file entry.cif (mmCIF, C-alpha atoms)
data_model
loop_
_atom_site.group_PDB
_atom_site.id
_atom_site.type_symbol
_atom_site.label_atom_id
_atom_site.label_comp_id
_atom_site.auth_asym_id
_atom_site.auth_seq_id
_atom_site.Cartn_x
_atom_site.Cartn_y
_atom_site.Cartn_z
ATOM 1 C CA MET A 1 -0.418 -10.441 17.401
ATOM 2 C CA LEU A 2 1.716 -9.723 20.473
ATOM 3 C CA PHE A 3 -1.222 -8.019 22.171
ATOM 4 C CA SER A 4 -4.912 -8.691 21.790
ATOM 5 C CA LEU A 5 -7.079 -5.718 20.865
ATOM 6 C CA ARG A 6 -8.565 -5.691 24.373
ATOM 7 C CA GLU A 7 -5.095 -5.540 25.964
ATOM 8 C CA LEU A 8 -4.087 -2.765 23.594
ATOM 9 C CA VAL A 9 -7.181 -0.715 24.439
ATOM 10 C CA GLN A 10 -6.516 -1.278 28.141
ATOM 11 C CA TRP A 11 -2.860 -0.274 27.840
ATOM 12 C CA LEU A 12 -3.105 2.722 25.502
ATOM 13 C CA GLY A 13 -6.369 4.027 26.955
ATOM 14 C CA PHE A 14 -7.730 4.698 23.463
ATOM 15 C CA ALA A 15 -11.017 3.263 22.214
ATOM 16 C CA GLN A 16 -10.928 0.843 19.275
ATOM 17 C CA PHE A 17 -12.454 3.517 17.042
ATOM 18 C CA GLU A 18 -9.682 5.979 17.951
ATOM 19 C CA ILE A 19 -7.008 3.395 17.136
ATOM 20 C CA PHE A 20 -8.804 2.901 13.798
ATOM 21 C CA ILE A 21 -8.632 6.662 13.115
ATOM 22 C CA HIS A 22 -4.914 6.862 13.954
ATOM 23 C CA ILE A 23 -3.991 3.867 11.774
ATOM 24 C CA SER A 24 -6.031 5.339 8.895
ATOM 25 C CA SER A 25 -4.193 8.647 9.300
ATOM 26 C CA LEU A 26 -0.855 6.797 9.209
ATOM 27 C CA LEU A 27 -1.896 5.059 5.981
ATOM 28 C CA ILE A 28 -2.939 8.335 4.296
ATOM 29 C CA PHE A 29 0.222 10.054 5.581
ATOM 30 C CA THR A 30 2.504 7.388 4.090
ATOM 31 C CA ILE A 31 0.680 7.661 0.745
ATOM 32 C CA LEU A 32 1.109 11.455 0.708
ATOM 33 C CA LEU A 33 4.743 11.120 1.842
ATOM 34 C CA ALA A 34 5.553 8.673 -0.953
ATOM 35 C CA MET A 35 3.844 10.955 -3.499
ATOM 36 C CA LYS A 36 5.767 13.995 -2.245
ATOM 37 C CA VAL A 37 9.170 12.270 -2.199
ATOM 38 C CA ASP A 38 8.573 10.660 -5.619
ATOM 39 C CA LYS A 39 7.442 14.092 -6.908
ATOM 40 C CA LEU A 40 4.112 12.743 -8.108
ATOM 41 C CA LEU A 41 2.348 15.535 -6.208
ATOM 42 C CA ASP A 42 3.547 19.061 -5.450
ATOM 43 C CA LEU A 43 2.706 19.219 -1.751
ATOM 44 C CA GLY A 44 4.175 21.202 1.136
ATOM 45 C CA TRP A 45 5.309 19.347 4.275
ATOM 46 C CA TRP A 46 2.458 20.860 6.293
ATOM 47 C CA ASN A 47 -0.018 19.387 3.794
ATOM 48 C CA VAL A 48 1.637 15.957 4.051
ATOM 49 C CA PHE A 49 1.124 16.052 7.826
ATOM 50 C CA ILE A 50 -2.583 17.010 7.552
ATOM 51 C CA PRO A 51 -3.845 13.389 8.147
ATOM 52 C CA PHE A 52 -2.027 13.296 11.505
ATOM 53 C CA PHE A 53 -3.372 16.681 12.570
ATOM 54 C CA ALA A 54 -6.873 15.675 11.470
ATOM 55 C CA ALA A 55 -6.631 12.399 13.434
ATOM 56 C CA ASP A 56 -5.526 14.329 16.527
ATOM 57 C CA GLY A 57 -8.466 16.703 16.123
ATOM 58 C CA LEU A 58 -10.976 13.893 15.606
ATOM 59 C CA SER A 59 -9.579 11.980 18.563
ATOM 60 C CA THR A 60 -9.877 15.069 20.793
ATOM 61 C CA TYR A 61 -13.479 15.572 19.652
ATOM 62 C CA PHE A 62 -14.288 11.909 20.333
ATOM 63 C CA THR A 63 -12.666 12.167 23.783
ATOM 64 C CA ALA A 64 -14.697 15.274 24.580
ATOM 65 C CA ILE A 65 -17.913 13.434 23.705
ATOM 66 C CA VAL A 66 -16.950 10.382 25.802
ATOM 67 C CA THR A 67 -16.032 12.649 28.744
ATOM 68 C CA VAL A 68 -19.395 14.438 28.608
ATOM 69 C CA ARG A 69 -21.216 11.085 28.441
ATOM 70 C CA LEU A 70 -19.240 9.740 31.396
ATOM 71 C CA PHE A 71 -20.021 12.912 33.382
ATOM 72 C CA GLN A 72 -23.716 12.505 32.589
ATOM 73 C CA ASP A 73 -23.573 8.901 33.821
ATOM 74 C CA GLY A 74 -22.043 10.128 37.089
ATOM 75 C CA GLU A 75 -18.619 8.547 36.529
ATOM 76 C CA LYS A 76 -16.744 11.790 37.114
ATOM 77 C CA ARG A 77 -13.459 10.285 38.317
ATOM 78 C CA GLN A 78 -13.167 8.005 35.308
ATOM 79 C CA ALA A 79 -14.115 10.869 32.964
ATOM 80 C CA VAL A 80 -11.422 13.200 34.338
ATOM 81 C CA LEU A 81 -8.735 10.492 34.360
ATOM 82 C CA ARG A 82 -9.525 9.491 30.776
ATOM 83 C CA LEU A 83 -9.572 13.114 29.616
ATOM 84 C CA PHE A 84 -6.186 13.886 31.215
ATOM 85 C CA TRP A 85 -4.536 10.737 29.868
ATOM 86 C CA ILE A 86 -5.785 11.116 26.281
ATOM 87 C CA LEU A 87 -5.026 14.843 26.172
ATOM 88 C CA THR A 88 -1.477 14.203 27.453
ATOM 89 C CA ILE A 89 -0.850 11.542 24.819
ATOM 90 C CA LEU A 90 -2.385 13.598 22.019
ATOM 91 C CA SER A 91 -0.495 16.761 22.963
ATOM 92 C CA LEU A 92 2.835 14.895 23.060
ATOM 93 C CA LYS A 93 2.057 13.379 19.663
ATOM 94 C CA PHE A 94 1.033 16.792 18.310
ATOM 95 C CA VAL A 95 4.224 18.487 19.581
ATOM 96 C CA PHE A 96 6.335 15.761 17.958
ATOM 97 C CA GLU A 97 4.526 16.178 14.630
ATOM 98 C CA MET A 98 4.839 19.970 14.768
ATOM 99 C CA LEU A 99 8.573 19.848 15.528
ATOM 100 C CA LEU A 100 9.233 17.252 12.830
ATOM 101 C CA CYS A 101 7.288 19.245 10.264
ATOM 102 C CA GLN A 102 9.113 22.433 11.274
ATOM 103 C CA LYS A 103 12.457 20.645 10.856
ATOM 104 C CA LEU A 104 11.516 19.298 7.436
ATOM 105 C CA VAL A 105 10.299 22.693 6.237
ATOM 106 C CA GLU A 106 13.154 24.841 7.528
ATOM 107 C CA GLN A 107 16.048 22.345 7.894
ATOM 108 C CA THR A 108 17.353 24.379 10.850
ATOM 109 C CA LYS A 109 20.464 23.010 12.594
ATOM 110 C CA GLY A 110 19.258 24.286 15.986
ATOM 111 C CA LEU A 111 16.347 21.862 15.958
ATOM 112 C CA TRP A 112 18.198 18.576 16.457
ATOM 113 C CA PHE A 113 16.481 15.213 16.284
ATOM 114 C CA GLY A 114 17.040 14.462 19.979
ATOM 115 C CA LEU A 115 14.882 17.479 20.750
ATOM 116 C CA ILE A 116 12.249 16.550 18.169
ATOM 117 C CA MET A 117 12.023 13.019 19.566
ATOM 118 C CA SER A 118 11.809 14.129 23.211
ATOM 119 C CA PRO A 119 7.956 14.000 23.286
ATOM 120 C CA VAL A 120 8.154 10.409 22.013
ATOM 121 C CA PHE A 121 10.607 9.477 24.792
ATOM 122 C CA ILE A 122 8.296 11.049 27.405
ATOM 123 C CA LEU A 123 5.384 9.166 25.816
ATOM 124 C CA LEU A 124 7.266 5.862 26.105
ATOM 125 C CA GLN A 125 7.945 6.451 29.825
ATOM 126 C CA LEU A 126 4.281 7.327 30.419
ATOM 127 C CA LEU A 127 3.174 4.174 28.602
ATOM 128 C CA MET A 128 5.504 2.081 30.747
ATOM 129 C CA ILE A 129 4.090 3.615 33.941
ATOM 130 C CA ARG A 130 0.568 2.987 32.707
ATOM 131 C CA ALA A 131 1.466 -0.613 31.851
ATOM 132 C CA CYS A 132 2.581 -1.146 35.457
ATOM 133 C CA ARG A 133 -0.725 0.290 36.705
ATOM 134 C CA VAL A 134 -2.822 -1.796 34.287
ATOM 135 C CA ASN A 135 -1.028 -4.968 35.336
ATOM 136 C CA MET B 1 4.384 -14.752 28.134
ATOM 137 C CA SER B 2 2.534 -12.482 30.576
ATOM 138 C CA LEU B 3 1.246 -9.037 29.624
ATOM 139 C CA ALA B 4 3.954 -7.337 31.719
ATOM 140 C CA GLN B 5 6.702 -9.264 29.928
ATOM 141 C CA ARG B 6 5.246 -8.454 26.513
ATOM 142 C CA VAL B 7 4.919 -4.762 27.381
ATOM 143 C CA LEU B 8 8.490 -4.670 28.717
ATOM 144 C CA LEU B 9 9.792 -6.386 25.572
ATOM 145 C CA THR B 10 8.005 -3.931 23.268
ATOM 146 C CA TRP B 11 9.035 -0.924 25.358
ATOM 147 C CA LEU B 12 12.691 -1.945 25.569
ATOM 148 C CA PHE B 13 13.126 -2.569 21.857
ATOM 149 C CA SER B 14 11.214 0.603 20.902
ATOM 150 C CA LEU B 15 13.394 2.676 23.242
ATOM 151 C CA LEU B 16 16.614 1.139 21.924
ATOM 152 C CA PHE B 17 15.559 1.694 18.316
ATOM 153 C CA LEU B 18 14.576 5.320 18.946
ATOM 154 C CA ILE B 19 17.864 6.085 20.732
ATOM 155 C CA MET B 20 19.869 4.586 17.867
ATOM 156 C CA LEU B 21 17.707 6.408 15.297
ATOM 157 C CA VAL B 22 18.265 9.769 17.022
ATOM 158 C CA LEU B 23 22.026 9.154 17.188
ATOM 159 C CA LYS B 24 22.101 8.343 13.480
ATOM 160 C CA LEU B 25 19.894 11.280 12.422
ATOM 161 C CA ASP B 26 21.938 13.736 14.500
ATOM 162 C CA GLU B 27 25.110 12.333 12.877
ATOM 163 C CA LYS B 28 26.556 11.300 16.228
ATOM 164 C CA ALA B 29 26.910 7.676 15.131
ATOM 165 C CA PRO B 30 28.242 6.868 11.653
ATOM 166 C CA TRP B 31 26.588 3.444 11.622
ATOM 167 C CA ASN B 32 25.010 1.532 8.801
ATOM 168 C CA TRP B 33 21.167 1.700 8.654
ATOM 169 C CA PHE B 34 21.031 -2.089 9.034
ATOM 170 C CA ILE B 35 22.797 -1.702 12.410
ATOM 171 C CA ILE B 36 20.370 1.030 13.482
ATOM 172 C CA PHE B 37 17.505 -1.390 12.788
ATOM 173 C CA ILE B 38 19.028 -4.193 14.956
ATOM 174 C CA PRO B 39 16.400 -3.812 17.733
ATOM 175 C CA ILE B 40 13.689 -4.159 15.055
ATOM 176 C CA TRP B 41 15.337 -7.289 13.577
ATOM 177 C CA ILE B 42 15.604 -8.907 17.032
ATOM 178 C CA PHE B 43 12.044 -7.977 17.997
ATOM 179 C CA ASP B 44 10.604 -9.244 14.696
ATOM 180 C CA THR B 45 12.593 -12.475 14.936
ATOM 181 C CA ILE B 46 11.250 -13.107 18.452
ATOM 182 C CA LEU B 47 7.683 -12.484 17.274
ATOM 183 C CA ILE B 48 8.012 -14.678 14.174
ATOM 184 C CA VAL B 49 9.561 -17.541 16.181
ATOM 185 C CA MET B 50 6.787 -17.254 18.775
ATOM 186 C CA LEU B 51 4.126 -17.350 16.055
ATOM 187 C CA ILE B 52 5.706 -20.318 14.261
ATOM 188 C CA VAL B 53 6.018 -22.254 17.551
ATOM 189 C CA LYS B 54 2.344 -21.570 18.319
ATOM 190 C CA MET B 55 1.269 -22.621 14.815
ATOM 191 C CA ALA B 56 3.445 -25.745 14.951
ATOM 192 C CA GLY B 57 1.808 -26.683 18.262
ATOM 193 C CA ARG B 58 -1.507 -26.980 16.387
ATOM 194 C CA CYS B 59 -0.023 -29.448 13.928
ATOM 195 C CA LYS B 60 0.841 -31.923 16.700
ATOM 196 C CA SER B 61 -0.974 -35.247 16.714
ATOM 197 C CA GLY B 62 -3.974 -35.355 19.021
ATOM 198 C CA TYR B 63 -4.941 -31.734 18.407
ATOM 199 C CA ASP B 64 -8.546 -31.301 17.293
ATOM 200 C CA PRO B 65 -8.369 -28.940 14.272
ATOM 201 C CA ARG B 66 -12.104 -28.085 14.455
ATOM 202 C CA ASN B 67 -11.458 -25.930 17.527
ATOM 203 C CA GLY B 68 -8.768 -23.795 16.008
ATOM 204 C CA ALA B 69 -9.564 -23.335 12.316
ATOM 205 C CA GLN B 70 -10.451 -19.665 12.815
ATOM 206 C CA ASN B 71 -7.516 -19.190 15.157
ATOM 207 C CA MET B 72 -5.131 -20.731 12.609
ATOM 208 C CA LYS B 73 -6.376 -18.287 9.942
ATOM 209 C CA LYS B 74 -5.684 -15.408 12.307
ATOM 210 C CA LYS B 75 -2.203 -16.731 13.108
ATOM 211 C CA SER B 76 -1.434 -17.087 9.384
ATOM 212 C CA TRP B 77 -2.475 -13.460 8.840
ATOM 213 C CA TYR B 78 -0.249 -12.359 11.750
ATOM 214 C CA LEU B 79 2.680 -14.249 10.248
ATOM 215 C CA THR B 80 2.052 -12.635 6.853
ATOM 216 C CA ALA B 81 1.846 -9.230 8.545
ATOM 217 C CA MET B 82 5.177 -9.791 10.293
ATOM 218 C CA LEU B 83 6.819 -10.851 7.036
ATOM 219 C CA LEU B 84 5.405 -7.766 5.296
ATOM 220 C CA LYS B 85 6.821 -5.556 8.050
ATOM 221 C CA LEU B 86 10.175 -7.285 7.787
ATOM 222 C CA ALA B 87 10.170 -6.843 3.995
ATOM 223 C CA PHE B 88 9.345 -3.144 4.367
ATOM 224 C CA CYS B 89 12.170 -2.578 6.887
ATOM 225 C CA LEU B 90 14.689 -4.487 4.748
ATOM 226 C CA VAL B 91 13.843 -2.567 1.566
ATOM 227 C CA LEU B 92 13.822 0.747 3.469
ATOM 228 C CA CYS B 93 17.298 0.024 4.866
ATOM 229 C CA ALA B 94 18.568 -0.949 1.412
ATOM 230 C CA VAL B 95 17.221 2.305 -0.062
ATOM 231 C CA LEU B 96 18.639 4.414 2.794
ATOM 232 C CA GLU B 97 22.032 2.751 2.348
ATOM 233 C CA GLN B 98 21.714 3.431 -1.418
ATOM 234 C CA PHE B 99 22.190 -0.224 -2.318
ATOM 235 C CA THR B 100 19.334 0.296 -4.724
ATOM 236 C CA THR B 101 17.460 3.238 -6.230
ATOM 237 C CA MET B 102 13.780 2.682 -5.918
ATOM 238 C CA LEU B 103 10.653 4.846 -5.846
ATOM 239 C CA LEU B 104 9.426 5.355 -2.265
ATOM 240 C CA SER B 105 5.941 4.283 -3.445
ATOM 241 C CA LEU B 106 7.356 0.810 -4.151
ATOM 242 C CA VAL B 107 9.131 0.665 -0.773
ATOM 243 C CA PHE B 108 5.861 1.472 0.989
ATOM 244 C CA ILE B 109 3.788 -1.250 -0.735
ATOM 245 C CA PRO B 110 4.329 -3.954 1.984
ATOM 246 C CA LEU B 111 3.500 -1.381 4.682
ATOM 247 C CA TRP B 112 0.316 -0.338 2.868
ATOM 248 C CA ILE B 113 -0.835 -3.948 2.550
ATOM 249 C CA LEU B 114 -0.090 -4.444 6.266
ATOM 250 C CA LEU B 115 -1.951 -1.276 7.290
ATOM 251 C CA ILE B 116 -4.961 -2.051 5.071
ATOM 252 C CA GLY B 117 -5.123 -5.592 6.503
ATOM 253 C CA GLY B 118 -4.882 -4.215 10.032
ATOM 254 C CA LEU B 119 -7.597 -1.664 9.293
ATOM 255 C CA ILE B 120 -9.921 -4.351 7.888
ATOM 256 C CA GLU B 121 -9.434 -6.499 11.000
ATOM 257 C CA LEU B 122 -9.888 -3.524 13.318
ATOM 258 C CA GLY B 123 -12.863 -2.223 11.329
ATOM 259 C CA TYR B 124 -14.492 -5.659 11.602
ATOM 260 C CA ASN B 125 -14.062 -5.485 15.392
ATOM 261 C CA VAL B 126 -15.276 -1.892 15.636
ATOM 262 C CA PHE B 127 -18.237 -1.848 13.263
ATOM 263 C CA TYR B 128 -19.341 -5.452 12.700
ATOM 264 C CA VAL B 129 -18.767 -7.328 15.975
ATOM 265 C CA ARG B 130 -20.189 -4.447 18.059
ATOM 266 C CA ARG B 131 -23.359 -4.377 15.937
ATOM 267 C CA ASP B 132 -23.815 -8.102 16.633
#
call {"tool": "encode", "arguments": {"input": "entry.cif", "output": "structure tokens"}}
result
Amino acid sequence: MLFSLRELVQWLGFAQFEIFIHISSLLIFTILLAMKVDKLLDLGWWNVFIPFFAADGLSTYFTAIVTVRLFQDGEKRQAVLRLFWILTILSLKFVFEMLLCQKLVEQTKGLWFGLIMSPVFILLQLLMIRACRVN
Amino acid sequence: MSLAQRVLLTWLFSLLFLIMLVLKLDEKAPWNWFIIFIPIWIFDTILIVMLIVKMAGRCKSGYDPRNGAQNMKKKSWYLTAMLLKLAFCLVLCAVLEQFTTMLLSLVFIPLWILLIGGLIELGYNVFYVRRD
């Protein structure tokens, strides 16, 4: 649409298959969310967030495999850079999901949304820096 | 539009939307949900206008339609996807503002169609094109 798939892969640093996994997890999450809010299913918030956690786990596993393959091919620099970038993105995403889930479960006033969203703001800055490098 | 401009546009509108969303959720700004979504409305309008201009360019006289039949199909899907996203955001805002009481499953239907369409297109690229 605005970006071609190749540009998106270049910018985000994720493989097409990983993007596929994350979009699938979003789809399953929204289905579970709708079922929970509409009271069609009696699910806890942690269960609703399972697709996201599973996608993060799968993506980490996939990244580990790609890193090992790149190391075997002798492209050590590229392997390390890719590993660091993907792990940073995934950990920021994971922290955001954890905080959001915690907020939804406990409804604590101390955990304000600015704090919950802070990993997303850091992520946006990192993506902007990467966009400058890719260009 | 160059890649840098497109990235900057996406980044700017995402940042603005997130800031406004945080202000609203933390009850620092007593604004209407439709106002919170202003960056999304502007961004979507820009994208839809860009798509329509591109599609209209293919309807000009002297353009050979044989070259772009596939491309036109893709553009039509993108336009549909944008309209689905717009519909989802509009209905979500209406529900959040309590203009209407609706099951969340119904609100999510345009988003689900959009995500399934996106997954089919992506899956085709990942599993089918690569095998070729």
call {"tool": "closest_atom_pairs", "arguments": {"input": "entry.cif", "of": "chain A", "to": "chain B", "cutoff": "6 Å", "atoms": "all atoms listed in the file", "output": "CSV"}}
result
residue,atom,partner,partner_atom,distance
A:Met1,CA,B:Tyr78,CA,6.0
A:Ala34,CA,B:Ser105,CA,5.1
A:Phe113,CA,B:Val22,CA,5.8
A:Gly114,CA,B:Val22,CA,5.7
call {"tool": "resolve_selection", "arguments": {"input": "entry.cif", "expression": "the PyMOL selection byres ((chain A and resi 77-89) around 12)", "output": "mmCIF file with C-alpha atoms, in the frame of the given file"}}
result
data_model
loop_
_atom_site.group_PDB
_atom_site.id
_atom_site.type_symbol
_atom_site.label_atom_id
_atom_site.label_comp_id
_atom_site.auth_asym_id
_atom_site.auth_seq_id
_atom_site.Cartn_x
_atom_site.Cartn_y
_atom_site.Cartn_z
ATOM 1 C CA GLN A 10 -6.516 -1.278 28.141
ATOM 2 C CA TRP A 11 -2.860 -0.274 27.840
ATOM 3 C CA LEU A 12 -3.105 2.722 25.502
ATOM 4 C CA GLY A 13 -6.369 4.027 26.955
ATOM 5 C CA PHE A 14 -7.730 4.698 23.463
ATOM 6 C CA ALA A 15 -11.017 3.263 22.214
ATOM 7 C CA GLU A 18 -9.682 5.979 17.951
ATOM 8 C CA ASP A 56 -5.526 14.329 16.527
ATOM 9 C CA GLY A 57 -8.466 16.703 16.123
ATOM 10 C CA SER A 59 -9.579 11.980 18.563
ATOM 11 C CA THR A 60 -9.877 15.069 20.793
ATOM 12 C CA TYR A 61 -13.479 15.572 19.652
ATOM 13 C CA PHE A 62 -14.288 11.909 20.333
ATOM 14 C CA THR A 63 -12.666 12.167 23.783
ATOM 15 C CA ALA A 64 -14.697 15.274 24.580
ATOM 16 C CA ILE A 65 -17.913 13.434 23.705
ATOM 17 C CA VAL A 66 -16.950 10.382 25.802
ATOM 18 C CA THR A 67 -16.032 12.649 28.744
ATOM 19 C CA VAL A 68 -19.395 14.438 28.608
ATOM 20 C CA ARG A 69 -21.216 11.085 28.441
ATOM 21 C CA LEU A 70 -19.240 9.740 31.396
ATOM 22 C CA PHE A 71 -20.021 12.912 33.382
ATOM 23 C CA GLN A 72 -23.716 12.505 32.589
ATOM 24 C CA ASP A 73 -23.573 8.901 33.821
ATOM 25 C CA GLY A 74 -22.043 10.128 37.089
ATOM 26 C CA GLU A 75 -18.619 8.547 36.529
ATOM 27 C CA LYS A 76 -16.744 11.790 37.114
ATOM 28 C CA LEU A 90 -2.385 13.598 22.019
ATOM 29 C CA SER A 91 -0.495 16.761 22.963
ATOM 30 C CA LEU A 92 2.835 14.895 23.060
ATOM 31 C CA LYS A 93 2.057 13.379 19.663
ATOM 32 C CA PHE A 94 1.033 16.792 18.310
ATOM 33 C CA VAL A 95 4.224 18.487 19.581
ATOM 34 C CA PHE A 96 6.335 15.761 17.958
ATOM 35 C CA PRO A 119 7.956 14.000 23.286
ATOM 36 C CA VAL A 120 8.154 10.409 22.013
ATOM 37 C CA PHE A 121 10.607 9.477 24.792
ATOM 38 C CA ILE A 122 8.296 11.049 27.405
ATOM 39 C CA LEU A 123 5.384 9.166 25.816
ATOM 40 C CA LEU A 124 7.266 5.862 26.105
ATOM 41 C CA GLN A 125 7.945 6.451 29.825
ATOM 42 C CA LEU A 126 4.281 7.327 30.419
ATOM 43 C CA LEU A 127 3.174 4.174 28.602
ATOM 44 C CA ILE A 129 4.090 3.615 33.941
ATOM 45 C CA ARG A 130 0.568 2.987 32.707
#
call {"tool": "atom_distance", "arguments": {"input": "entry.cif", "atom1": "atom CA of B:Asn32", "atom2": "atom CA of B:Leu16"}}
result
15.6 Å
call {"tool": "resolve_selection", "arguments": {"input": "entry.cif", "expression": "the PyMOL selection byres ((chain B and resi 38) around 12)", "output": "count of residues only"}}
result
26
call {"tool": "atom_distance", "arguments": {"input": "entry.cif", "atom1": "atom CA of A:Leu5", "atom2": "atom CA of A:Ile23"}}
result
13.6 Å
call {"tool": "axis_aligned_box", "arguments": {"input": "entry.cif", "around": "stretch 115-129 of chain A", "padding_each_side": "3 Å", "output": "AutoDock Vina command-line options"}}
result
--center_x 9.0 --center_y 9.8 --center_z 26.1 --size_x 17.7 --size_y 21.4 --size_z 21.8
call {"tool": "atom_distance", "arguments": {"input": "entry.cif", "atom1": "atom CA of A:Phe17", "atom2": "atom CA of A:Val134"}}
result
20.5 Å
call {"tool": "closest_residue", "arguments": {"input": "entry.cif", "among": "B:Val91, B:Leu84, B:Leu9, B:Leu96", "to": "A:Leu2", "atoms": "all atoms listed in the file"}}
result
B:Leu9
call {"tool": "closest_residue", "arguments": {"input": "entry.cif", "among": "A:Met128, A:Glu7, A:Ile21, A:Trp45", "to": "A:Lys103", "atoms": "only C-alpha atoms"}}
result
A:Trp45
